[in-house]
file start-v4.txt (compact mmCIF, N, CA and C atoms)
# COMPACT_ATOMS: atom_id res chain seq x y z
N MET A 29 -23.86 6.63 -29.18
CA MET A 29 -23.77 8.04 -28.89
C MET A 29 -23.09 8.28 -27.55
N ILE A 30 -23.46 7.49 -26.57
CA ILE A 30 -22.85 7.64 -25.25
C ILE A 30 -21.38 7.26 -25.32
N LEU A 31 -21.07 6.22 -26.05
CA LEU A 31 -19.69 5.78 -26.21
C LEU A 31 -18.86 6.86 -26.90
N TYR A 32 -19.43 7.47 -27.92
CA TYR A 32 -18.75 8.55 -28.63
C TYR A 32 -18.49 9.71 -27.69
N ARG A 33 -19.46 10.09 -26.88
CA ARG A 33 -19.33 11.20 -25.94
C ARG A 33 -18.29 10.88 -24.87
N LYS A 34 -18.25 9.63 -24.43
CA LYS A 34 -17.30 9.21 -23.40
C LYS A 34 -15.87 9.32 -23.95
N SER A 35 -15.64 8.87 -25.16
CA SER A 35 -14.30 8.95 -25.74
C SER A 35 -13.91 10.40 -26.00
N GLU A 36 -14.87 11.23 -26.33
CA GLU A 36 -14.62 12.65 -26.54
C GLU A 36 -14.19 13.30 -25.23
N LEU A 37 -14.84 12.97 -24.13
CA LEU A 37 -14.49 13.50 -22.81
C LEU A 37 -13.11 13.01 -22.38
N LEU A 38 -12.81 11.77 -22.65
CA LEU A 38 -11.49 11.23 -22.32
C LEU A 38 -10.40 11.96 -23.12
N SER A 39 -10.69 12.22 -24.37
CA SER A 39 -9.74 12.93 -25.22
C SER A 39 -9.49 14.34 -24.68
N GLU A 40 -10.54 15.03 -24.28
CA GLU A 40 -10.40 16.38 -23.71
C GLU A 40 -9.64 16.33 -22.40
N LYS A 41 -9.92 15.32 -21.61
CA LYS A 41 -9.23 15.16 -20.32
C LYS A 41 -7.74 14.94 -20.54
N ASN A 42 -7.38 14.11 -21.52
CA ASN A 42 -5.98 13.87 -21.84
C ASN A 42 -5.30 15.15 -22.32
N GLN A 43 -5.99 15.93 -23.15
CA GLN A 43 -5.43 17.19 -23.64
C GLN A 43 -5.19 18.15 -22.49
N ILE A 44 -6.14 18.24 -21.57
CA ILE A 44 -6.00 19.13 -20.42
C ILE A 44 -4.84 18.68 -19.54
N SER A 45 -4.73 17.39 -19.28
CA SER A 45 -3.65 16.90 -18.42
C SER A 45 -2.29 17.11 -19.09
N GLN A 46 -2.22 16.96 -20.43
CA GLN A 46 -0.97 17.22 -21.13
C GLN A 46 -0.59 18.70 -21.05
N CYS A 47 -1.57 19.58 -21.20
CA CYS A 47 -1.30 21.02 -21.08
C CYS A 47 -0.80 21.35 -19.69
N LEU A 48 -1.45 20.80 -18.65
CA LEU A 48 -1.01 21.04 -17.28
C LEU A 48 0.39 20.49 -17.05
N GLU A 49 0.65 19.33 -17.59
CA GLU A 49 1.96 18.71 -17.45
C GLU A 49 3.03 19.57 -18.12
N ASN A 50 2.75 20.06 -19.32
CA ASN A 50 3.70 20.92 -20.02
C ASN A 50 3.91 22.23 -19.26
N ASP A 51 2.84 22.81 -18.72
CA ASP A 51 2.96 24.05 -17.95
C ASP A 51 3.79 23.83 -16.69
N MET A 52 3.56 22.71 -16.00
CA MET A 52 4.32 22.41 -14.78
C MET A 52 5.80 22.18 -15.10
N THR A 53 6.06 21.47 -16.19
CA THR A 53 7.45 21.22 -16.59
C THR A 53 8.14 22.55 -16.90
N GLU A 54 7.47 23.40 -17.63
CA GLU A 54 8.03 24.72 -17.97
C GLU A 54 8.24 25.56 -16.71
N TYR A 55 7.29 25.51 -15.79
CA TYR A 55 7.38 26.26 -14.54
C TYR A 55 8.60 25.82 -13.73
N PHE A 56 8.78 24.51 -13.58
CA PHE A 56 9.91 24.02 -12.79
C PHE A 56 11.24 24.26 -13.49
N LYS A 57 11.23 24.24 -14.80
CA LYS A 57 12.45 24.54 -15.55
C LYS A 57 12.87 25.99 -15.32
N ARG A 58 11.91 26.90 -15.36
CA ARG A 58 12.20 28.32 -15.11
C ARG A 58 12.62 28.55 -13.66
N LEU A 59 11.96 27.85 -12.74
CA LEU A 59 12.31 27.96 -11.32
C LEU A 59 13.74 27.49 -11.09
N LYS A 60 14.13 26.42 -11.74
CA LYS A 60 15.48 25.88 -11.61
C LYS A 60 16.51 26.88 -12.13
N ILE A 61 16.22 27.50 -13.27
CA ILE A 61 17.14 28.50 -13.84
C ILE A 61 17.26 29.70 -12.91
N LYS A 62 16.14 30.16 -12.36
CA LYS A 62 16.18 31.30 -11.43
C LYS A 62 16.98 30.96 -10.18
N ALA A 63 16.82 29.75 -9.65
CA ALA A 63 17.56 29.34 -8.45
C ALA A 63 19.06 29.30 -8.74
N ILE A 64 19.44 28.81 -9.89
CA ILE A 64 20.86 28.75 -10.26
C ILE A 64 21.43 30.17 -10.39
N LEU A 65 20.70 31.06 -11.03
CA LEU A 65 21.17 32.45 -11.18
C LEU A 65 21.29 33.15 -9.84
N ILE A 66 20.32 32.93 -8.95
CA ILE A 66 20.39 33.52 -7.61
C ILE A 66 21.60 32.98 -6.86
N GLY A 67 21.88 31.69 -7.01
CA GLY A 67 23.04 31.09 -6.36
C GLY A 67 24.35 31.68 -6.87
N ILE A 68 24.44 31.89 -8.18
CA ILE A 68 25.65 32.48 -8.76
C ILE A 68 25.85 33.91 -8.27
N VAL A 69 24.78 34.70 -8.25
CA VAL A 69 24.87 36.08 -7.76
C VAL A 69 25.27 36.11 -6.28
N ALA A 70 24.71 35.21 -5.48
CA ALA A 70 25.05 35.15 -4.06
C ALA A 70 26.53 34.81 -3.87
N CYS A 71 27.05 33.89 -4.65
CA CYS A 71 28.47 33.53 -4.55
C CYS A 71 29.37 34.71 -4.92
N ILE A 72 29.00 35.42 -5.98
CA ILE A 72 29.79 36.58 -6.40
C ILE A 72 29.78 37.65 -5.31
N LEU A 73 28.61 37.91 -4.73
CA LEU A 73 28.52 38.91 -3.67
C LEU A 73 29.32 38.49 -2.44
N LEU A 74 29.32 37.22 -2.11
CA LEU A 74 30.08 36.73 -0.97
C LEU A 74 31.58 36.92 -1.20
N VAL A 75 32.04 36.64 -2.41
CA VAL A 75 33.45 36.83 -2.73
C VAL A 75 33.83 38.31 -2.65
N LEU A 76 33.01 39.18 -3.24
CA LEU A 76 33.29 40.62 -3.18
C LEU A 76 33.27 41.12 -1.75
N TYR A 77 32.34 40.65 -0.94
CA TYR A 77 32.26 41.06 0.46
C TYR A 77 33.53 40.66 1.20
N SER A 78 33.98 39.42 0.99
CA SER A 78 35.16 38.95 1.71
C SER A 78 36.42 39.72 1.31
N TYR A 79 36.45 40.25 0.10
CA TYR A 79 37.63 41.00 -0.33
C TYR A 79 37.58 42.46 0.12
N PHE A 80 36.46 43.12 -0.04
CA PHE A 80 36.39 44.56 0.15
C PHE A 80 36.04 45.01 1.56
N VAL A 81 35.42 44.20 2.38
CA VAL A 81 35.04 44.62 3.73
C VAL A 81 36.20 44.34 4.68
N ALA A 82 36.61 45.36 5.40
CA ALA A 82 37.76 45.26 6.29
C ALA A 82 37.41 44.50 7.57
N ASP A 83 38.41 43.76 8.08
CA ASP A 83 38.25 43.11 9.37
C ASP A 83 39.45 43.48 10.24
N THR A 84 39.37 43.17 11.52
CA THR A 84 40.38 43.60 12.48
C THR A 84 41.03 42.38 13.14
N ILE A 85 42.35 42.45 13.30
CA ILE A 85 43.07 41.39 14.00
C ILE A 85 43.95 42.01 15.08
N MET A 86 44.35 41.19 16.04
CA MET A 86 45.31 41.59 17.08
C MET A 86 46.59 40.81 16.83
N THR A 87 47.71 41.51 16.75
CA THR A 87 49.00 40.85 16.51
C THR A 87 50.13 41.77 16.98
N ARG A 88 51.35 41.27 16.86
CA ARG A 88 52.53 42.06 17.22
C ARG A 88 53.32 42.33 15.95
N ILE A 89 53.73 43.58 15.75
CA ILE A 89 54.53 43.96 14.59
C ILE A 89 55.97 43.54 14.83
N THR A 90 56.54 42.75 13.92
CA THR A 90 57.91 42.29 14.08
C THR A 90 58.89 43.12 13.25
N ASP A 91 58.43 43.68 12.11
CA ASP A 91 59.33 44.48 11.28
C ASP A 91 58.53 45.43 10.40
N ALA A 92 59.03 46.64 10.28
CA ALA A 92 58.44 47.64 9.39
C ALA A 92 59.52 48.65 9.05
N GLN A 93 59.64 49.01 7.78
CA GLN A 93 60.65 49.95 7.34
C GLN A 93 60.03 50.96 6.40
N MET A 94 60.68 52.12 6.28
CA MET A 94 60.17 53.16 5.39
C MET A 94 60.55 52.90 3.93
N ALA A 95 61.37 51.89 3.66
CA ALA A 95 61.73 51.56 2.28
C ALA A 95 60.59 50.78 1.63
N LYS A 96 60.34 51.10 0.35
CA LYS A 96 59.26 50.41 -0.37
C LYS A 96 59.82 49.18 -1.09
N VAL A 97 58.99 48.14 -1.16
CA VAL A 97 59.32 46.93 -1.91
C VAL A 97 58.29 46.84 -3.03
N ASP A 98 58.76 46.87 -4.27
CA ASP A 98 57.87 46.87 -5.43
C ASP A 98 56.84 47.99 -5.37
N GLY A 99 57.25 49.15 -4.88
CA GLY A 99 56.37 50.31 -4.83
C GLY A 99 55.37 50.30 -3.68
N ARG A 100 55.54 49.38 -2.75
CA ARG A 100 54.61 49.29 -1.61
C ARG A 100 55.39 49.10 -0.32
N PHE A 101 54.84 49.65 0.75
CA PHE A 101 55.42 49.42 2.07
C PHE A 101 55.05 48.01 2.53
N MET A 102 55.99 47.34 3.20
CA MET A 102 55.72 46.01 3.76
C MET A 102 55.76 46.09 5.28
N ILE A 103 54.88 45.35 5.92
CA ILE A 103 54.83 45.27 7.38
C ILE A 103 54.77 43.80 7.75
N ALA A 104 55.73 43.35 8.54
CA ALA A 104 55.76 41.96 8.99
C ALA A 104 55.19 41.88 10.41
N THR A 105 54.33 40.91 10.62
CA THR A 105 53.73 40.70 11.94
C THR A 105 53.86 39.23 12.31
N GLU A 106 53.51 38.91 13.57
CA GLU A 106 53.50 37.51 13.99
C GLU A 106 52.40 36.74 13.27
N TYR A 107 51.37 37.43 12.84
CA TYR A 107 50.23 36.80 12.17
C TYR A 107 50.60 36.43 10.73
N ARG A 108 51.06 37.40 9.94
CA ARG A 108 51.47 37.22 8.55
C ARG A 108 51.95 38.56 8.01
N PRO A 109 52.60 38.58 6.84
CA PRO A 109 53.02 39.86 6.26
C PRO A 109 51.84 40.60 5.62
N PHE A 110 51.96 41.92 5.63
CA PHE A 110 50.94 42.78 5.02
C PHE A 110 51.62 43.80 4.13
N VAL A 111 50.84 44.41 3.24
CA VAL A 111 51.33 45.55 2.49
C VAL A 111 50.57 46.78 2.97
N ASN A 112 51.12 47.92 2.62
CA ASN A 112 50.51 49.18 2.98
C ASN A 112 50.68 50.10 1.78
N TYR A 113 49.60 50.34 1.06
CA TYR A 113 49.66 51.22 -0.11
C TYR A 113 48.37 52.03 -0.19
N ASP A 114 48.46 53.15 -0.91
CA ASP A 114 47.28 53.98 -1.10
C ASP A 114 46.30 53.27 -2.03
N ALA A 115 45.05 53.31 -1.66
CA ALA A 115 44.01 52.70 -2.49
C ALA A 115 42.97 53.77 -2.78
N ARG A 116 42.98 54.28 -4.00
CA ARG A 116 42.07 55.37 -4.36
C ARG A 116 40.61 54.98 -4.24
N TYR A 117 40.28 53.75 -4.66
CA TYR A 117 38.87 53.34 -4.62
C TYR A 117 38.34 53.22 -3.20
N ARG A 118 39.24 53.15 -2.20
CA ARG A 118 38.82 53.13 -0.80
C ARG A 118 39.02 54.49 -0.13
N LEU A 119 39.49 55.45 -0.92
CA LEU A 119 39.82 56.80 -0.41
C LEU A 119 40.87 56.71 0.70
N LYS A 120 41.85 55.83 0.51
CA LYS A 120 42.95 55.68 1.47
C LYS A 120 44.19 56.31 0.85
N PHE A 121 44.60 57.44 1.42
CA PHE A 121 45.76 58.18 0.90
C PHE A 121 46.81 58.40 1.99
N ASN A 122 46.77 57.61 3.06
CA ASN A 122 47.66 57.85 4.21
C ASN A 122 48.64 56.70 4.45
N SER A 123 49.14 56.08 3.40
CA SER A 123 50.03 54.93 3.61
C SER A 123 51.32 55.33 4.33
N GLY A 124 51.80 56.54 4.11
CA GLY A 124 53.00 56.99 4.82
C GLY A 124 52.75 57.10 6.32
N THR A 125 51.61 57.63 6.70
CA THR A 125 51.25 57.75 8.12
C THR A 125 51.08 56.38 8.75
N VAL A 126 50.41 55.49 8.05
CA VAL A 126 50.21 54.13 8.57
C VAL A 126 51.55 53.43 8.73
N GLN A 127 52.46 53.61 7.78
CA GLN A 127 53.78 52.99 7.87
C GLN A 127 54.57 53.57 9.03
N ASN A 128 54.47 54.87 9.24
CA ASN A 128 55.14 55.51 10.38
C ASN A 128 54.61 54.94 11.70
N ASP A 129 53.29 54.73 11.77
CA ASP A 129 52.71 54.13 12.98
C ASP A 129 53.23 52.71 13.17
N ALA A 130 53.37 51.96 12.09
CA ALA A 130 53.88 50.58 12.18
C ALA A 130 55.30 50.57 12.72
N ILE A 131 56.12 51.51 12.27
CA ILE A 131 57.50 51.60 12.78
C ILE A 131 57.49 51.99 14.25
N LYS A 132 56.62 52.92 14.60
CA LYS A 132 56.52 53.39 15.98
C LYS A 132 56.06 52.27 16.93
N PHE A 133 55.17 51.40 16.46
CA PHE A 133 54.62 50.33 17.30
C PHE A 133 55.36 49.00 17.14
N LYS A 134 56.53 49.02 16.54
CA LYS A 134 57.31 47.79 16.32
C LYS A 134 57.58 47.09 17.66
N GLY A 135 57.26 45.80 17.72
CA GLY A 135 57.48 45.02 18.95
C GLY A 135 56.31 45.08 19.92
N LYS A 136 55.29 45.89 19.63
CA LYS A 136 54.15 46.04 20.53
C LYS A 136 52.91 45.34 19.94
N MET A 137 51.96 45.05 20.83
CA MET A 137 50.69 44.49 20.39
C MET A 137 49.85 45.60 19.76
N VAL A 138 49.31 45.33 18.60
CA VAL A 138 48.52 46.33 17.88
C VAL A 138 47.22 45.70 17.37
N LYS A 139 46.27 46.58 17.09
CA LYS A 139 45.04 46.19 16.43
C LYS A 139 45.14 46.70 15.00
N ILE A 140 45.09 45.77 14.02
CA ILE A 140 45.25 46.12 12.62
C ILE A 140 43.93 45.91 11.90
N LYS A 141 43.50 46.97 11.21
CA LYS A 141 42.32 46.87 10.35
C LYS A 141 42.82 46.66 8.94
N LYS A 142 42.37 45.57 8.29
CA LYS A 142 42.91 45.19 6.99
C LYS A 142 41.80 44.67 6.09
N TYR A 143 42.10 44.60 4.80
CA TYR A 143 41.16 44.02 3.84
C TYR A 143 41.95 43.31 2.75
N GLY A 144 41.28 42.50 1.99
CA GLY A 144 41.92 41.80 0.88
C GLY A 144 42.17 40.35 1.19
N TRP A 145 42.94 39.71 0.33
CA TRP A 145 43.28 38.30 0.47
C TRP A 145 44.78 38.12 0.44
N ARG A 146 45.26 37.09 1.09
CA ARG A 146 46.67 36.68 1.01
C ARG A 146 46.72 35.47 0.09
N ILE A 147 47.28 35.68 -1.12
CA ILE A 147 47.42 34.59 -2.09
C ILE A 147 48.91 34.53 -2.47
N PRO A 148 49.67 33.64 -1.82
CA PRO A 148 51.12 33.60 -2.04
C PRO A 148 51.54 33.35 -3.49
N ILE A 149 50.81 32.52 -4.22
CA ILE A 149 51.21 32.19 -5.59
C ILE A 149 51.19 33.43 -6.49
N PHE A 150 50.35 34.42 -6.18
CA PHE A 150 50.30 35.67 -6.95
C PHE A 150 51.00 36.81 -6.23
N SER A 151 51.67 36.53 -5.13
CA SER A 151 52.33 37.55 -4.29
C SER A 151 51.34 38.64 -3.87
N MET A 152 50.13 38.24 -3.54
CA MET A 152 49.11 39.18 -3.07
C MET A 152 49.10 39.20 -1.55
N TYR A 153 49.04 40.39 -0.98
CA TYR A 153 48.99 40.57 0.46
C TYR A 153 47.76 41.39 0.83
N GLU A 154 47.33 41.23 2.06
CA GLU A 154 46.24 42.07 2.56
C GLU A 154 46.78 43.47 2.82
N ASN A 155 45.97 44.48 2.53
CA ASN A 155 46.37 45.88 2.70
C ASN A 155 45.89 46.38 4.06
N ILE A 156 46.76 47.08 4.75
CA ILE A 156 46.42 47.63 6.06
C ILE A 156 45.76 48.99 5.88
N VAL A 157 44.64 49.17 6.58
CA VAL A 157 43.91 50.43 6.53
C VAL A 157 44.28 51.29 7.74
N LYS A 158 44.43 50.65 8.90
CA LYS A 158 44.62 51.41 10.13
C LYS A 158 45.37 50.55 11.15
N ILE A 159 46.25 51.19 11.93
CA ILE A 159 46.96 50.51 13.01
C ILE A 159 46.75 51.30 14.29
N GLU A 160 46.36 50.60 15.34
CA GLU A 160 46.21 51.22 16.67
C GLU A 160 46.95 50.38 17.69
N GLU A 161 47.63 51.05 18.61
CA GLU A 161 48.30 50.32 19.68
C GLU A 161 47.26 49.76 20.64
N GLU A 162 47.46 48.51 21.02
CA GLU A 162 46.56 47.87 21.98
C GLU A 162 47.15 48.09 23.37
N LYS A 163 46.31 48.61 24.25
CA LYS A 163 46.80 48.94 25.60
C LYS A 163 46.38 47.93 26.61
call {"tool": "encode", "arguments": {"input": "start-v4.txt", "output": "structure tokens"}}
result
Amino acid sequence: MILYRKSELLSEKNQISQCLENDMTEYFKRLKIKAILIGIVACILLVLYSYFVADTIMTRITDAQMAKVDGRFMIATEYRPFVNYDARYRLKFNSGTVQNDAIKFKGKMVKIKKYGWRIPIFSMYENIVKIEEEK
């Protein structure tokens, strides 16, 4: 009788440990999936942030003209070339004014507020939001 009871207790103990083991395995599997999803969302947000949030640089404008190239104004600087076009989603409708300022400040040190990426293989340029003369 004691032997029977002992084996019964061992059997229950094994069942409990298997249940706990299965629960822990399932818990860590779900935790791993959540961590991967959070990582993917964080990467996407970082990419969107780097594209849409404007930053400022100091450079000298080397060339700017009122003629459009492929429907966009181009501005050449010592840093790199930029485009200047209206962007409705940013509520930027002053590309003509910005281009006029670029022509006016040609050869001078300026502070340029810009956003976007420069990807030469796709002919993508950063768009200028604002130009101020540096004094």
call {"tool": "closest_residue", "arguments": {"input": "start-v4.txt", "among": "A:Leu59, A:Ala82, A:Cys71, A:Ala92", "to": "Gly135 of chain A", "atoms": "only N, CA and C atoms"}}
result
A:Ala92
call {"tool": "closest_residue", "arguments": {"input": "start-v4.txt", "among": "A:Tyr153, A:Trp145, A:Ile140, A:Lys163", "to": "Tyr77 of chain A", "atoms": "only C-alpha atoms"}}
result
A:Trp145
call {"tool": "select_by_dssp", "arguments": {"input": "start-v4.txt", "residues": "segment 82-150 of chain A", "states": "strand (DSSP E)", "output": "mmCIF file with N, CA and C atoms, in the frame of the given file"}}
result
data_model
loop_
_atom_site.group_PDB
_atom_site.id
_atom_site.type_symbol
_atom_site.label_atom_id
_atom_site.label_comp_id
_atom_site.auth_asym_id
_atom_site.auth_seq_id
_atom_site.Cartn_x
_atom_site.Cartn_y
_atom_site.Cartn_z
ATOM 1 N N ASP A 83 38.410 43.760 8.080
ATOM 2 C CA ASP A 83 38.250 43.110 9.370
ATOM 3 C C ASP A 83 39.450 43.480 10.240
ATOM 4 N N THR A 84 39.370 43.170 11.520
ATOM 5 C CA THR A 84 40.380 43.600 12.480
ATOM 6 C C THR A 84 41.030 42.380 13.140
ATOM 7 N N ILE A 85 42.350 42.450 13.300
ATOM 8 C CA ILE A 85 43.070 41.390 14.000
ATOM 9 C C ILE A 85 43.950 42.010 15.080
ATOM 10 N N MET A 86 44.350 41.190 16.040
ATOM 11 C CA MET A 86 45.310 41.590 17.080
ATOM 12 C C MET A 86 46.590 40.810 16.830
ATOM 13 N N THR A 87 47.710 41.510 16.750
ATOM 14 C CA THR A 87 49.000 40.850 16.510
ATOM 15 C C THR A 87 50.130 41.770 16.980
ATOM 16 N N ARG A 88 51.350 41.270 16.860
ATOM 17 C CA ARG A 88 52.530 42.060 17.220
ATOM 18 C C ARG A 88 53.320 42.330 15.950
ATOM 19 N N ILE A 89 53.730 43.580 15.750
ATOM 20 C CA ILE A 89 54.530 43.960 14.590
ATOM 21 C C ILE A 89 55.970 43.540 14.830
ATOM 22 N N THR A 90 56.540 42.750 13.920
ATOM 23 C CA THR A 90 57.910 42.290 14.080
ATOM 24 C C THR A 90 58.890 43.120 13.250
ATOM 25 N N ASP A 91 58.430 43.680 12.110
ATOM 26 C CA ASP A 91 59.330 44.480 11.280
ATOM 27 C C ASP A 91 58.530 45.430 10.400
ATOM 28 N N ALA A 92 59.030 46.640 10.280
ATOM 29 C CA ALA A 92 58.440 47.640 9.390
ATOM 30 C C ALA A 92 59.520 48.650 9.050
ATOM 31 N N GLN A 93 59.640 49.010 7.780
ATOM 32 C CA GLN A 93 60.650 49.950 7.340
ATOM 33 C C GLN A 93 60.030 50.960 6.400
ATOM 34 N N MET A 94 60.680 52.120 6.280
ATOM 35 C CA MET A 94 60.170 53.160 5.390
ATOM 36 C C MET A 94 60.550 52.900 3.930
ATOM 37 N N ALA A 95 61.370 51.890 3.660
ATOM 38 C CA ALA A 95 61.730 51.560 2.280
ATOM 39 C C ALA A 95 60.590 50.780 1.630
ATOM 40 N N LYS A 96 60.340 51.100 0.350
ATOM 41 C CA LYS A 96 59.260 50.410 -0.370
ATOM 42 C C LYS A 96 59.820 49.180 -1.090
ATOM 43 N N VAL A 97 58.990 48.140 -1.160
ATOM 44 C CA VAL A 97 59.320 46.930 -1.910
ATOM 45 C C VAL A 97 58.290 46.840 -3.030
ATOM 46 N N ARG A 100 55.540 49.380 -2.750
ATOM 47 C CA ARG A 100 54.610 49.290 -1.610
ATOM 48 C C ARG A 100 55.390 49.100 -0.320
ATOM 49 N N PHE A 101 54.840 49.650 0.750
ATOM 50 C CA PHE A 101 55.420 49.420 2.070
ATOM 51 C C PHE A 101 55.050 48.010 2.530
ATOM 52 N N MET A 102 55.990 47.340 3.200
ATOM 53 C CA MET A 102 55.720 46.010 3.760
ATOM 54 C C MET A 102 55.760 46.090 5.280
ATOM 55 N N ILE A 103 54.880 45.350 5.920
ATOM 56 C CA ILE A 103 54.830 45.270 7.380
ATOM 57 C C ILE A 103 54.770 43.800 7.750
ATOM 58 N N ALA A 104 55.730 43.350 8.540
ATOM 59 C CA ALA A 104 55.760 41.960 8.990
ATOM 60 C C ALA A 104 55.190 41.880 10.410
ATOM 61 N N THR A 105 54.330 40.910 10.620
ATOM 62 C CA THR A 105 53.730 40.700 11.940
ATOM 63 C C THR A 105 53.860 39.230 12.310
ATOM 64 N N PHE A 110 51.960 41.920 5.630
ATOM 65 C CA PHE A 110 50.940 42.780 5.020
ATOM 66 C C PHE A 110 51.620 43.800 4.130
ATOM 67 N N VAL A 111 50.840 44.410 3.240
ATOM 68 C CA VAL A 111 51.330 45.550 2.490
ATOM 69 C C VAL A 111 50.570 46.780 2.970
ATOM 70 N N ASN A 112 51.120 47.920 2.620
ATOM 71 C CA ASN A 112 50.510 49.180 2.980
ATOM 72 C C ASN A 112 50.680 50.100 1.780
ATOM 73 N N MET A 137 51.960 45.050 20.830
ATOM 74 C CA MET A 137 50.690 44.490 20.390
ATOM 75 C C MET A 137 49.850 45.600 19.760
ATOM 76 N N VAL A 138 49.310 45.330 18.600
ATOM 77 C CA VAL A 138 48.520 46.330 17.880
ATOM 78 C C VAL A 138 47.220 45.700 17.370
ATOM 79 N N LYS A 139 46.270 46.580 17.090
ATOM 80 C CA LYS A 139 45.040 46.190 16.430
ATOM 81 C C LYS A 139 45.140 46.700 15.000
ATOM 82 N N ILE A 140 45.090 45.770 14.020
ATOM 83 C CA ILE A 140 45.250 46.120 12.620
ATOM 84 C C ILE A 140 43.930 45.910 11.900
ATOM 85 N N LYS A 141 43.500 46.970 11.210
ATOM 86 C CA LYS A 141 42.320 46.870 10.350
ATOM 87 C C LYS A 141 42.820 46.660 8.940
ATOM 88 N N LYS A 142 42.370 45.570 8.290
ATOM 89 C CA LYS A 142 42.910 45.190 6.990
ATOM 90 C C LYS A 142 41.800 44.670 6.090
ATOM 91 N N TYR A 143 42.100 44.600 4.800
ATOM 92 C CA TYR A 143 41.160 44.020 3.840
ATOM 93 C C TYR A 143 41.950 43.310 2.750
#
call {"tool": "residues_around", "arguments": {"input": "start-v4.txt", "residues": "Val126 of chain A", "least_positions_apart": "4", "cutoff": "9 Å", "atoms": "only C-alpha atoms", "output": "PDB file with N, CA and C atoms, in the frame of the given file"}}
result
ATOM      1  N   ASN A 112      51.120  47.920   2.620  1.00  0.00           N
ATOM      2  CA  ASN A 112      50.510  49.180   2.980  1.00  0.00           C
ATOM      3  C   ASN A 112      50.680  50.100   1.780  1.00  0.00           C
ATOM      4  N   ASN A 122      46.770  57.610   3.060  1.00  0.00           N
ATOM      5  CA  ASN A 122      47.660  57.850   4.210  1.00  0.00           C
ATOM      6  C   ASN A 122      48.640  56.700   4.450  1.00  0.00           C
ATOM      7  N   ALA A 130      53.370  51.960  12.090  1.00  0.00           N
ATOM      8  CA  ALA A 130      53.880  50.580  12.180  1.00  0.00           C
ATOM      9  C   ALA A 130      55.300  50.570  12.720  1.00  0.00           C
ATOM     10  N   ILE A 131      56.120  51.510  12.270  1.00  0.00           N
ATOM     11  CA  ILE A 131      57.500  51.600  12.780  1.00  0.00           C
ATOM     12  C   ILE A 131      57.490  51.990  14.250  1.00  0.00           C
ATOM     13  N   ILE A 156      46.760  47.080   4.750  1.00  0.00           N
ATOM     14  CA  ILE A 156      46.420  47.630   6.060  1.00  0.00           C
ATOM     15  C   ILE A 156      45.760  48.990   5.880  1.00  0.00           C
ATOM     16  N   VAL A 157      44.640  49.170   6.580  1.00  0.00           N
ATOM     17  CA  VAL A 157      43.910  50.430   6.530  1.00  0.00           C
ATOM     18  C   VAL A 157      44.280  51.290   7.740  1.00  0.00           C
ATOM     19  N   LYS A 158      44.430  50.650   8.900  1.00  0.00           N
ATOM     20  CA  LYS A 158      44.620  51.410  10.130  1.00  0.00           C
ATOM     21  C   LYS A 158      45.370  50.550  11.150  1.00  0.00           C
ATOM     22  N   ILE A 159      46.250  51.190  11.930  1.00  0.00           N
ATOM     23  CA  ILE A 159      46.960  50.510  13.010  1.00  0.00           C
ATOM     24  C   ILE A 159      46.750  51.300  14.290  1.00  0.00           C
TER      25      ILE A 159
END
call {"tool": "atom_distance", "arguments": {"input": "start-v4.txt", "atom1": "atom N of Tyr79 of chain A", "atom2": "atom C of Ile103 of chain A"}}
result
20.2 Å
call {"tool": "select_by_dssp", "arguments": {"input": "start-v4.txt", "residues": "chain A", "states": "helix (DSSP H, G or I)", "output": "number ranges by chain"}}
result
A: 30-80, 116-118, 123-132, 148-150
call {"tool": "closest_residue", "arguments": {"input": "start-v4.txt", "among": "A:Arg100, A:Lys120, A:Lys132, A:Lys139", "to": "Arg88 of chain A", "atoms": "only C-alpha atoms"}}
result
A:Lys139
call {"tool": "atom_distance", "arguments": {"input": "start-v4.txt", "atom1": "atom C of Ile85 of chain A", "atom2": "atom C of Lys141 of chain A"}}
result
7.8 Å
call {"tool": "atom_distance", "arguments": {"input": "start-v4.txt", "atom1": "atom CA of Lys57 of chain A", "atom2": "atom N of Val69 of chain A"}}
result
17.6 Å
call {"tool": "residues_around", "arguments": {"input": "start-v4.txt", "residues": "Ser123 of chain A", "least_positions_apart": "5", "cutoff": "6.5 Å", "atoms": "all atoms listed in the file", "output": "list in words"}}
result
Asn112, Tyr113, Asp114 and Asn128 of chain A
call {"tool": "closest_residue", "arguments": {"input": "start-v4.txt", "among": "A:Ala63, A:Phe101, A:Val81, A:Glu106", "to": "Arg118 of chain A", "atoms": "only C-alpha atoms"}}
result
A:Val81
